[in-house]
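Everything below concerns the one structure shown next.
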Amino acid sequence: MAGRYAPSPSGDLHFGNLRTALLAWLFARAEGKQFLMRVEDIDEQRSSRESAESQLADLLTLGIDWDGDALYQSTRFDAYRTALAKLDTYECYCSRRDIQEASRAPHAAPGVYPGTCRDLSSEERVEKRASLATQNRHPAIRLRAQVTAFDFYDRLLGPQTGPVDDFILLRGGQEPGWAYNLAVVVDDAYQGVDQVVRGDDLLDSTARQAYLGSLLGIPIPEYIHVPLVLNARGQRLAKRDGAVTLKEMLLDASLPQIFSALASSLGYEGVTSAPQLLEVFDPEKLSREPYIY
Ligand code: GLU
C-alpha cells in the first residue's frame, strides 16, 4: 500500500506545498509504504506540462522521491468515464450565479448545492438543455447523493463528519471537465493509495470523497490532514508572499539551509536532508497548529 503527493501543476510549488509534500513522503516512508506521485492536471486551462516538470524536479531536489512514474490525470479520462457510468447522477443546468442565489435562501447550508436540478421533469430537462446549447454550453453532471453527511477518520484530527451534497462529477460550461472529487477517488484507488496526507484546506471535501469511494466500492484510505503554512497576516501562504518557491529561495540560501527551514517548520532543528529527517521523524509529535512563515 502507498502514500502519495498530488500537486496541481499551475506554477511552482511554494514553501507550504513543499512542506505538505515532505510530510506526505515522511509519513509513507516512515511506515515503509511506497510513495507515489500524481500530477493533477485535469484542469487543462490551468495546468501545464512545464509546471509539472518543474514541480517534480523541485521535489527531487529536496530528496522527496517516489516509486514508479508519476501518473498524469490527463491520461485517465476513460477511467473517470467508467466510474461516472456506475453512479446515480443527473444533469445540472445551473450557472454559478443561479447557485449563489439559491444558496442565499434562509435555510441553505453554505457551499452546499441546494438541489435545484435534482427533480426536474424530462420536459424541463429538454428545455434547459436546449437553452444552454444556444449559448454553446454543456450541463454539469452531479451525483444524486443519498446522504447529507458522511463520517471519516483523520489520524491527526480524530473522527470527523463532513457535509455531502449533490456535488459535481463532470463540470459543465463551454469546456466540460472532470471534477477533482471524482478524479481523486478513482485515482487513489487505481494507484493503491491507502494513506492520503494533504493540506487541511481539503478537509471540507473529504466526506464527499469518502462517500463517493463507498458508492464505488473502494476501500477508504487513512486521511491525515496537515495544518497549512500561513503568512504573517495569518492568511494561507501564496506565491505573492515573496520568495517562497524553491527557485526563489535558492537565490539567497543553500539547499541544506532551505531544507533546514522546512525541517524546522516541522519542529526539527539542524536537520539538513530528507534521509536525516526520516531518521528522526515522529508522526505522533506533529503540531496540529498552522505554521507561520
Ligand atoms: N491537487 C490538490 C492540490 O494541489 C491536492 C489534492 C489531494 O491531495 O487530494 O491542492
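Each chain of the C-alpha cells is named A, B, ... in the order shown, its residues numbered from 1; ligands are numbered from 1 in display order.
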
Using only C-alpha atoms and all ligand atoms, which residues of chain A come within 7 Å of ligand 1, and what is the closest atom pair for each, with the distance in Å to one decimal? Give it as CSV, sorted by chain and residue number.
```
residue,atom,partner,partner_atom_place_in_ligand_line,distance
A:Tyr5,CA,ligand 1,8 (O),6.2
A:Ala6,CA,ligand 1,8 (O),5.0
A:Pro7,CA,ligand 1,4 (O),4.0
A:Ser8,CA,ligand 1,4 (O),4.3
A:Glu40,CA,ligand 1,1 (N),5.3
A:Val184,CA,ligand 1,9 (O),6.0
A:Val196,CA,ligand 1,8 (O),6.8
A:Val197,CA,ligand 1,8 (O),6.8
A:Arg198,CA,ligand 1,8 (O),4.9
```

File dump, residues just selected, N, CA, C and O atoms, as a tab-separated table (two decimals), in the first residue's frame:
```tsv
chain	number	residue	atom	x	y	z
A	5	TYR	N	1.65	12.08	-3.16
A	5	TYR	CA	1.50	13.53	-3.22
A	5	TYR	C	0.89	13.82	-4.59
A	5	TYR	O	1.22	13.16	-5.57
A	6	ALA	N	-0.03	14.79	-4.61
A	6	ALA	CA	-0.82	15.00	-5.83
A	6	ALA	C	-0.89	16.49	-6.17
A	6	ALA	O	-1.94	17.12	-5.99
A	7	PRO	N	0.20	17.06	-6.65
A	7	PRO	CA	0.19	18.51	-6.93
A	7	PRO	C	-0.62	18.87	-8.18
A	7	PRO	O	-0.73	18.07	-9.11
A	8	SER	N	-1.17	20.08	-8.15
A	8	SER	CA	-1.82	20.64	-9.34
A	8	SER	C	-0.77	21.49	-10.06
A	8	SER	O	-0.23	22.43	-9.46
A	40	GLU	N	-2.04	16.35	-10.92
A	40	GLU	CA	-3.48	16.59	-11.05
A	40	GLU	C	-3.72	17.67	-12.11
A	40	GLU	O	-4.05	18.82	-11.80
A	184	VAL	N	-9.88	12.27	-7.92
A	184	VAL	CA	-9.01	11.94	-6.78
A	184	VAL	C	-9.37	10.56	-6.20
A	184	VAL	O	-8.50	9.76	-5.87
A	196	VAL	N	-3.67	9.17	2.65
A	196	VAL	CA	-3.79	10.46	1.98
A	196	VAL	C	-3.34	11.55	2.96
A	196	VAL	O	-4.04	11.84	3.93
A	197	VAL	N	-2.15	12.09	2.72
A	197	VAL	CA	-1.66	13.22	3.52
A	197	VAL	C	-1.79	14.46	2.65
A	197	VAL	O	-1.29	14.48	1.52
A	198	ARG	N	-2.48	15.48	3.14
A	198	ARG	CA	-2.65	16.71	2.34
A	198	ARG	C	-3.02	17.86	3.27
A	198	ARG	O	-3.27	17.65	4.46
```

Near-stretch 30-37 of chain A list (10 Å; only C-alpha atoms; drop same-chain fewer than 6 positions) as a PyMOL selection string: chain A and resi 1-7+21+24+56+64-72+188+191-195+278-283

Could you write out the selected residues, including C-alpha atoms, as an mmCIF file, in the first residue's frame?
```
data_model
loop_
_atom_site.group_PDB
_atom_site.id
_atom_site.type_symbol
_atom_site.label_atom_id
_atom_site.label_comp_id
_atom_site.auth_asym_id
_atom_site.auth_seq_id
_atom_site.Cartn_x
_atom_site.Cartn_y
_atom_site.Cartn_z
ATOM 1 C CA MET A 1 0.000 0.000 0.000
ATOM 2 C CA ALA A 2 1.090 3.547 -0.569
ATOM 3 C CA GLY A 3 1.054 7.193 0.309
ATOM 4 C CA ARG A 4 1.114 9.889 -2.347
ATOM 5 C CA TYR A 5 1.501 13.527 -3.223
ATOM 6 C CA ALA A 6 -0.819 15.004 -5.828
ATOM 7 C CA PRO A 7 0.191 18.505 -6.929
ATOM 8 C CA ALA A 21 4.813 17.084 0.119
ATOM 9 C CA ALA A 24 3.353 13.002 2.847
ATOM 10 C CA LEU A 56 8.648 17.267 -9.865
ATOM 11 C CA ILE A 64 11.360 13.703 -1.988
ATOM 12 C CA ASP A 65 11.456 10.689 -4.281
ATOM 13 C CA TRP A 66 8.712 8.355 -5.439
ATOM 14 C CA ASP A 67 8.209 4.832 -6.727
ATOM 15 C CA GLY A 68 7.500 4.323 -10.417
ATOM 16 C CA ASP A 69 6.451 7.024 -12.840
ATOM 17 C CA ALA A 70 4.244 9.968 -11.933
ATOM 18 C CA LEU A 71 0.634 9.385 -13.007
ATOM 19 C CA TYR A 72 -0.888 12.231 -15.041
ATOM 20 C CA ASP A 188 -6.193 6.939 -5.318
ATOM 21 C CA GLN A 191 -2.782 3.634 -7.585
ATOM 22 C CA GLY A 192 -3.385 1.546 -4.455
ATOM 23 C CA VAL A 193 -3.147 4.578 -2.169
ATOM 24 C CA ASP A 194 -4.214 3.802 1.391
ATOM 25 C CA GLN A 195 -2.785 6.942 3.029
ATOM 26 C CA LEU A 278 13.302 10.489 8.042
ATOM 27 C CA GLU A 279 15.510 9.005 10.757
ATOM 28 C CA VAL A 280 14.162 11.319 13.445
ATOM 29 C CA PHE A 281 10.599 11.958 12.198
ATOM 30 C CA ASP A 282 7.922 11.005 14.713
ATOM 31 C CA PRO A 283 4.379 11.201 13.261
#
```

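Pairwise distance (atom CA of A:Ser264, atom CA of A:Phe27) equals 16.7 Å.
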
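The nearest approach to A:Lys247 among the residues A:Val229, A:Leu59, A:Leu26, A:Ala183, with only C-alpha atoms taken into account, belongs to A:Leu59.
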
Skipping near chain neighbours, those fewer than 6 positions away, what residues fall within 12 Å of stretch 234-238 of chain A using only C-alpha atoms, listed as a PDB file with all heavy atoms, in the first residue's frame?
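The result, stored in result-v4.pdb:
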```pdb
ATOM      1  N   GLY A  11       2.069  26.552 -12.000  1.00  0.00           N
ATOM      2  CA  GLY A  11       3.132  27.333 -11.358  1.00  0.00           C
ATOM      3  C   GLY A  11       3.960  26.466 -10.427  1.00  0.00           C
ATOM      4  O   GLY A  11       3.665  25.281 -10.250  1.00  0.00           O
ATOM      5  N   ASP A  12       4.961  27.083  -9.833  1.00  0.00           N
ATOM      6  CA  ASP A  12       5.857  26.332  -8.951  1.00  0.00           C
ATOM      7  C   ASP A  12       5.236  26.099  -7.578  1.00  0.00           C
ATOM      8  O   ASP A  12       4.373  26.854  -7.143  1.00  0.00           O
ATOM      9  CB  ASP A  12       7.180  27.084  -8.795  1.00  0.00           C
ATOM     10  CG  ASP A  12       8.130  26.792  -9.953  1.00  0.00           C
ATOM     11  OD1 ASP A  12       8.130  25.639 -10.444  1.00  0.00           O
ATOM     12  OD2 ASP A  12       8.854  27.718 -10.369  1.00  0.00           O
ATOM     13  N   LEU A  13       5.692  25.052  -6.911  1.00  0.00           N
ATOM     14  CA  LEU A  13       5.256  24.785  -5.537  1.00  0.00           C
ATOM     15  C   LEU A  13       5.899  25.829  -4.621  1.00  0.00           C
ATOM     16  O   LEU A  13       7.036  26.232  -4.844  1.00  0.00           O
ATOM     17  CB  LEU A  13       5.719  23.389  -5.118  1.00  0.00           C
ATOM     18  CG  LEU A  13       5.161  22.251  -5.981  1.00  0.00           C
ATOM     19  CD1 LEU A  13       5.876  20.937  -5.659  1.00  0.00           C
ATOM     20  CD2 LEU A  13       3.657  22.108  -5.769  1.00  0.00           C
ATOM     21  N   HIS A  14       5.174  26.253  -3.590  1.00  0.00           N
ATOM     22  CA  HIS A  14       5.781  27.182  -2.645  1.00  0.00           C
ATOM     23  C   HIS A  14       6.116  26.454  -1.341  1.00  0.00           C
ATOM     24  O   HIS A  14       5.848  25.251  -1.204  1.00  0.00           O
ATOM     25  CB  HIS A  14       4.897  28.411  -2.427  1.00  0.00           C
ATOM     26  CG  HIS A  14       3.528  28.118  -1.872  1.00  0.00           C
ATOM     27  ND1 HIS A  14       3.323  27.471  -0.678  1.00  0.00           N
ATOM     28  CD2 HIS A  14       2.297  28.400  -2.369  1.00  0.00           C
ATOM     29  CE1 HIS A  14       2.033  27.373  -0.441  1.00  0.00           C
ATOM     30  NE2 HIS A  14       1.379  27.912  -1.460  1.00  0.00           N
ATOM     31  N   PHE A  15       6.678  27.190  -0.414  1.00  0.00           N
ATOM     32  CA  PHE A  15       7.150  26.598   0.847  1.00  0.00           C
ATOM     33  C   PHE A  15       6.073  25.719   1.512  1.00  0.00           C
ATOM     34  O   PHE A  15       6.370  24.628   2.011  1.00  0.00           O
ATOM     35  CB  PHE A  15       7.588  27.733   1.791  1.00  0.00           C
ATOM     36  CG  PHE A  15       8.239  27.255   3.061  1.00  0.00           C
ATOM     37  CD1 PHE A  15       9.611  27.037   3.116  1.00  0.00           C
ATOM     38  CD2 PHE A  15       7.475  27.035   4.204  1.00  0.00           C
ATOM     39  CE1 PHE A  15      10.211  26.598   4.302  1.00  0.00           C
ATOM     40  CE2 PHE A  15       8.078  26.593   5.389  1.00  0.00           C
ATOM     41  CZ  PHE A  15       9.446  26.369   5.435  1.00  0.00           C
ATOM     42  N   GLY A  16       4.821  26.188   1.499  1.00  0.00           N
ATOM     43  CA  GLY A  16       3.729  25.424   2.125  1.00  0.00           C
ATOM     44  C   GLY A  16       3.457  24.118   1.393  1.00  0.00           C
ATOM     45  O   GLY A  16       3.283  23.064   2.016  1.00  0.00           O
ATOM     46  N   ASN A  17       3.432  24.177   0.053  1.00  0.00           N
ATOM     47  CA  ASN A  17       3.230  22.954  -0.737  1.00  0.00           C
ATOM     48  C   ASN A  17       4.385  21.977  -0.510  1.00  0.00           C
ATOM     49  O   ASN A  17       4.179  20.767  -0.373  1.00  0.00           O
ATOM     50  CB  ASN A  17       3.187  23.246  -2.245  1.00  0.00           C
ATOM     51  CG  ASN A  17       2.186  24.313  -2.653  1.00  0.00           C
ATOM     52  OD1 ASN A  17       2.527  25.201  -3.430  1.00  0.00           O
ATOM     53  ND2 ASN A  17       0.969  24.237  -2.135  1.00  0.00           N
ATOM     54  N   LEU A  18       5.604  22.519  -0.486  1.00  0.00           N
ATOM     55  CA  LEU A  18       6.788  21.660  -0.316  1.00  0.00           C
ATOM     56  C   LEU A  18       6.750  20.980   1.050  1.00  0.00           C
ATOM     57  O   LEU A  18       7.094  19.810   1.193  1.00  0.00           O
ATOM     58  CB  LEU A  18       8.072  22.481  -0.478  1.00  0.00           C
ATOM     59  CG  LEU A  18       8.284  23.085  -1.887  1.00  0.00           C
ATOM     60  CD1 LEU A  18       9.423  24.100  -1.863  1.00  0.00           C
ATOM     61  CD2 LEU A  18       8.563  22.000  -2.922  1.00  0.00           C
ATOM     62  N   ARG A  19       6.294  21.725   2.041  1.00  0.00           N
ATOM     63  CA  ARG A  19       6.199  21.172   3.395  1.00  0.00           C
ATOM     64  C   ARG A  19       5.162  20.051   3.438  1.00  0.00           C
ATOM     65  O   ARG A  19       5.389  19.000   4.046  1.00  0.00           O
ATOM     66  CB  ARG A  19       5.830  22.292   4.356  1.00  0.00           C
ATOM     67  CG  ARG A  19       5.725  21.885   5.823  1.00  0.00           C
ATOM     68  CD  ARG A  19       5.318  23.137   6.583  1.00  0.00           C
ATOM     69  NE  ARG A  19       5.344  22.988   8.021  1.00  0.00           N
ATOM     70  CZ  ARG A  19       4.277  22.682   8.755  1.00  0.00           C
ATOM     71  NH1 ARG A  19       3.127  22.435   8.176  1.00  0.00           N
ATOM     72  NH2 ARG A  19       4.380  22.609  10.065  1.00  0.00           N
ATOM     73  N   GLY A 199      -3.081  19.054   2.697  1.00  0.00           N
ATOM     74  CA  GLY A 199      -3.361  20.238   3.490  1.00  0.00           C
ATOM     75  C   GLY A 199      -4.782  20.212   4.038  1.00  0.00           C
ATOM     76  O   GLY A 199      -5.698  19.667   3.401  1.00  0.00           O
ATOM     77  N   ASP A 200      -4.952  20.806   5.225  1.00  0.00           N
ATOM     78  CA  ASP A 200      -6.284  20.735   5.845  1.00  0.00           C
ATOM     79  C   ASP A 200      -7.298  21.672   5.195  1.00  0.00           C
ATOM     80  O   ASP A 200      -8.463  21.685   5.581  1.00  0.00           O
ATOM     81  CB  ASP A 200      -6.210  20.911   7.370  1.00  0.00           C
ATOM     82  CG  ASP A 200      -5.687  22.277   7.800  1.00  0.00           C
ATOM     83  OD1 ASP A 200      -5.559  23.172   6.947  1.00  0.00           O
ATOM     84  OD2 ASP A 200      -5.419  22.432   9.009  1.00  0.00           O
ATOM     85  N   ASP A 201      -6.875  22.414   4.156  1.00  0.00           N
ATOM     86  CA  ASP A 201      -7.868  23.165   3.366  1.00  0.00           C
ATOM     87  C   ASP A 201      -8.772  22.206   2.592  1.00  0.00           C
ATOM     88  O   ASP A 201      -9.835  22.618   2.117  1.00  0.00           O
ATOM     89  CB  ASP A 201      -7.168  24.142   2.405  1.00  0.00           C
ATOM     90  CG  ASP A 201      -6.120  23.475   1.516  1.00  0.00           C
ATOM     91  OD1 ASP A 201      -5.487  22.493   1.953  1.00  0.00           O
ATOM     92  OD2 ASP A 201      -5.946  23.928   0.376  1.00  0.00           O
ATOM     93  N   PRO A 227      -1.824  20.817   9.008  1.00  0.00           N
ATOM     94  CA  PRO A 227      -2.051  22.259   9.035  1.00  0.00           C
ATOM     95  C   PRO A 227      -1.257  22.963   7.930  1.00  0.00           C
ATOM     96  O   PRO A 227      -0.169  22.520   7.562  1.00  0.00           O
ATOM     97  CB  PRO A 227      -1.539  22.699  10.405  1.00  0.00           C
ATOM     98  CG  PRO A 227      -1.259  21.466  11.172  1.00  0.00           C
ATOM     99  CD  PRO A 227      -1.205  20.318  10.238  1.00  0.00           C
ATOM    100  N   LEU A 228      -1.800  24.053   7.465  1.00  0.00           N
ATOM    101  CA  LEU A 228      -1.170  24.802   6.379  1.00  0.00           C
ATOM    102  C   LEU A 228      -0.103  25.739   6.915  1.00  0.00           C
ATOM    103  O   LEU A 228      -0.031  26.004   8.115  1.00  0.00           O
ATOM    104  CB  LEU A 228      -2.222  25.638   5.655  1.00  0.00           C
ATOM    105  CG  LEU A 228      -3.278  24.867   4.888  1.00  0.00           C
ATOM    106  CD1 LEU A 228      -4.208  25.845   4.196  1.00  0.00           C
ATOM    107  CD2 LEU A 228      -2.654  23.926   3.871  1.00  0.00           C
ATOM    108  N   VAL A 244       9.086  32.398  -2.056  1.00  0.00           N
ATOM    109  CA  VAL A 244       8.559  31.194  -1.418  1.00  0.00           C
ATOM    110  C   VAL A 244       8.732  29.927  -2.242  1.00  0.00           C
ATOM    111  O   VAL A 244       8.555  28.828  -1.734  1.00  0.00           O
ATOM    112  CB  VAL A 244       7.060  31.362  -1.050  1.00  0.00           C
ATOM    113  CG1 VAL A 244       6.890  32.304   0.130  1.00  0.00           C
ATOM    114  CG2 VAL A 244       6.232  31.816  -2.242  1.00  0.00           C
ATOM    115  N   THR A 245       9.066  30.073  -3.544  1.00  0.00           N
ATOM    116  CA  THR A 245       9.305  28.847  -4.317  1.00  0.00           C
ATOM    117  C   THR A 245      10.761  28.416  -4.117  1.00  0.00           C
ATOM    118  O   THR A 245      11.606  29.221  -3.702  1.00  0.00           O
ATOM    119  CB  THR A 245       9.043  29.063  -5.826  1.00  0.00           C
ATOM    120  OG1 THR A 245      10.048  29.959  -6.333  1.00  0.00           O
ATOM    121  CG2 THR A 245       7.657  29.662  -6.070  1.00  0.00           C
ATOM    122  N   GLU A 289      -1.053  22.814  14.884  1.00  0.00           N
ATOM    123  CA  GLU A 289      -1.240  24.246  14.643  1.00  0.00           C
ATOM    124  C   GLU A 289      -0.621  24.628  13.302  1.00  0.00           C
ATOM    125  O   GLU A 289       0.391  24.071  12.922  1.00  0.00           O
ATOM    126  CB  GLU A 289      -0.530  25.054  15.745  1.00  0.00           C
ATOM    127  CG  GLU A 289      -1.071  24.828  17.140  1.00  0.00           C
ATOM    128  CD  GLU A 289      -2.568  25.129  17.240  1.00  0.00           C
ATOM    129  OE1 GLU A 289      -2.981  26.154  16.691  1.00  0.00           O
ATOM    130  OE2 GLU A 289      -3.280  24.312  17.836  1.00  0.00           O
ATOM    131  N   PRO A 290      -1.206  25.646  12.624  1.00  0.00           N
ATOM    132  CA  PRO A 290      -0.581  26.130  11.386  1.00  0.00           C
ATOM    133  C   PRO A 290       0.799  26.690  11.674  1.00  0.00           C
ATOM    134  O   PRO A 290       1.084  27.138  12.783  1.00  0.00           O
ATOM    135  CB  PRO A 290      -1.518  27.233  10.902  1.00  0.00           C
ATOM    136  CG  PRO A 290      -2.625  27.346  11.857  1.00  0.00           C
ATOM    137  CD  PRO A 290      -2.430  26.371  12.966  1.00  0.00           C
ATOM    138  N   TYR A 291       1.655  26.673  10.689  1.00  0.00           N
ATOM    139  CA  TYR A 291       2.996  27.218  10.834  1.00  0.00           C
ATOM    140  C   TYR A 291       3.036  28.592  10.182  1.00  0.00           C
ATOM    141  O   TYR A 291       2.573  28.757   9.053  1.00  0.00           O
ATOM    142  CB  TYR A 291       4.014  26.272  10.168  1.00  0.00           C
ATOM    143  CG  TYR A 291       5.419  26.800  10.206  1.00  0.00           C
ATOM    144  CD1 TYR A 291       6.141  26.790  11.378  1.00  0.00           C
ATOM    145  CD2 TYR A 291       5.990  27.356   9.063  1.00  0.00           C
ATOM    146  CE1 TYR A 291       7.434  27.302  11.418  1.00  0.00           C
ATOM    147  CE2 TYR A 291       7.293  27.870   9.099  1.00  0.00           C
ATOM    148  CZ  TYR A 291       7.998  27.848  10.299  1.00  0.00           C
ATOM    149  OH  TYR A 291       9.255  28.366  10.327  1.00  0.00           O
ATOM    150  N   ILE A 292       3.561  29.569  10.884  1.00  0.00           N
ATOM    151  CA  ILE A 292       3.652  30.922  10.314  1.00  0.00           C
ATOM    152  C   ILE A 292       5.007  31.082   9.639  1.00  0.00           C
ATOM    153  O   ILE A 292       6.044  30.929  10.280  1.00  0.00           O
ATOM    154  CB  ILE A 292       3.511  32.017  11.417  1.00  0.00           C
ATOM    155  CG1 ILE A 292       2.324  31.726  12.341  1.00  0.00           C
ATOM    156  CG2 ILE A 292       3.423  33.406  10.776  1.00  0.00           C
ATOM    157  CD1 ILE A 292       0.971  31.931  11.737  1.00  0.00           C
ATOM    158  N   TYR A 293       4.983  31.407   8.368  1.00  0.00           N
ATOM    159  CA  TYR A 293       6.212  31.539   7.574  1.00  0.00           C
ATOM    160  C   TYR A 293       6.833  32.904   7.798  1.00  0.00           C
ATOM    161  O   TYR A 293       6.162  33.911   7.607  1.00  0.00           O
ATOM    162  CB  TYR A 293       5.855  31.333   6.099  1.00  0.00           C
ATOM    163  CG  TYR A 293       7.031  31.363   5.161  1.00  0.00           C
ATOM    164  CD1 TYR A 293       7.958  30.316   5.162  1.00  0.00           C
ATOM    165  CD2 TYR A 293       7.205  32.417   4.282  1.00  0.00           C
ATOM    166  CE1 TYR A 293       9.025  30.322   4.301  1.00  0.00           C
ATOM    167  CE2 TYR A 293       8.288  32.422   3.397  1.00  0.00           C
ATOM    168  CZ  TYR A 293       9.186  31.381   3.415  1.00  0.00           C
ATOM    169  OH  TYR A 293      10.243  31.377   2.549  1.00  0.00           O
TER     170      TYR A 293
END
```

Shell of 9 Å around stretch 255-258 of chain A, only C-alpha atoms, local chain residues under 5 positions omitted, as a PyMOL selection string: chain A and resi 61-62+246+249-250+263+271-273

How about saving the chosen residues, C-alpha atoms kept, as a PDB file, in the first residue's frame?
```pdb
ATOM      1  CA  THR A  61      15.980  18.304  -5.443  1.00  0.00           C
ATOM      2  CA  LEU A  62      14.669  18.238  -1.873  1.00  0.00           C
ATOM      3  CA  LEU A 246      12.403  26.671  -4.236  1.00  0.00           C
ATOM      4  CA  MET A 249      14.682  30.623  -2.068  1.00  0.00           C
ATOM      5  CA  LEU A 250      17.803  29.232  -3.754  1.00  0.00           C
ATOM      6  CA  ALA A 263      12.520  20.673   8.928  1.00  0.00           C
ATOM      7  CA  VAL A 271      18.334  18.715  10.024  1.00  0.00           C
ATOM      8  CA  THR A 272      19.567  19.385   6.504  1.00  0.00           C
ATOM      9  CA  SER A 273      18.440  16.479   4.327  1.00  0.00           C
TER      10      SER A 273
END
```

DSSP strand (DSSP E or B) residues within stretch 70-214 of chain A, as an NGL selection string: :A and (71-72 or 89-92 or 138 or 140-143 or 149-154 or 158-163 or 168-171 or 173 or 177-178 or 193-199)
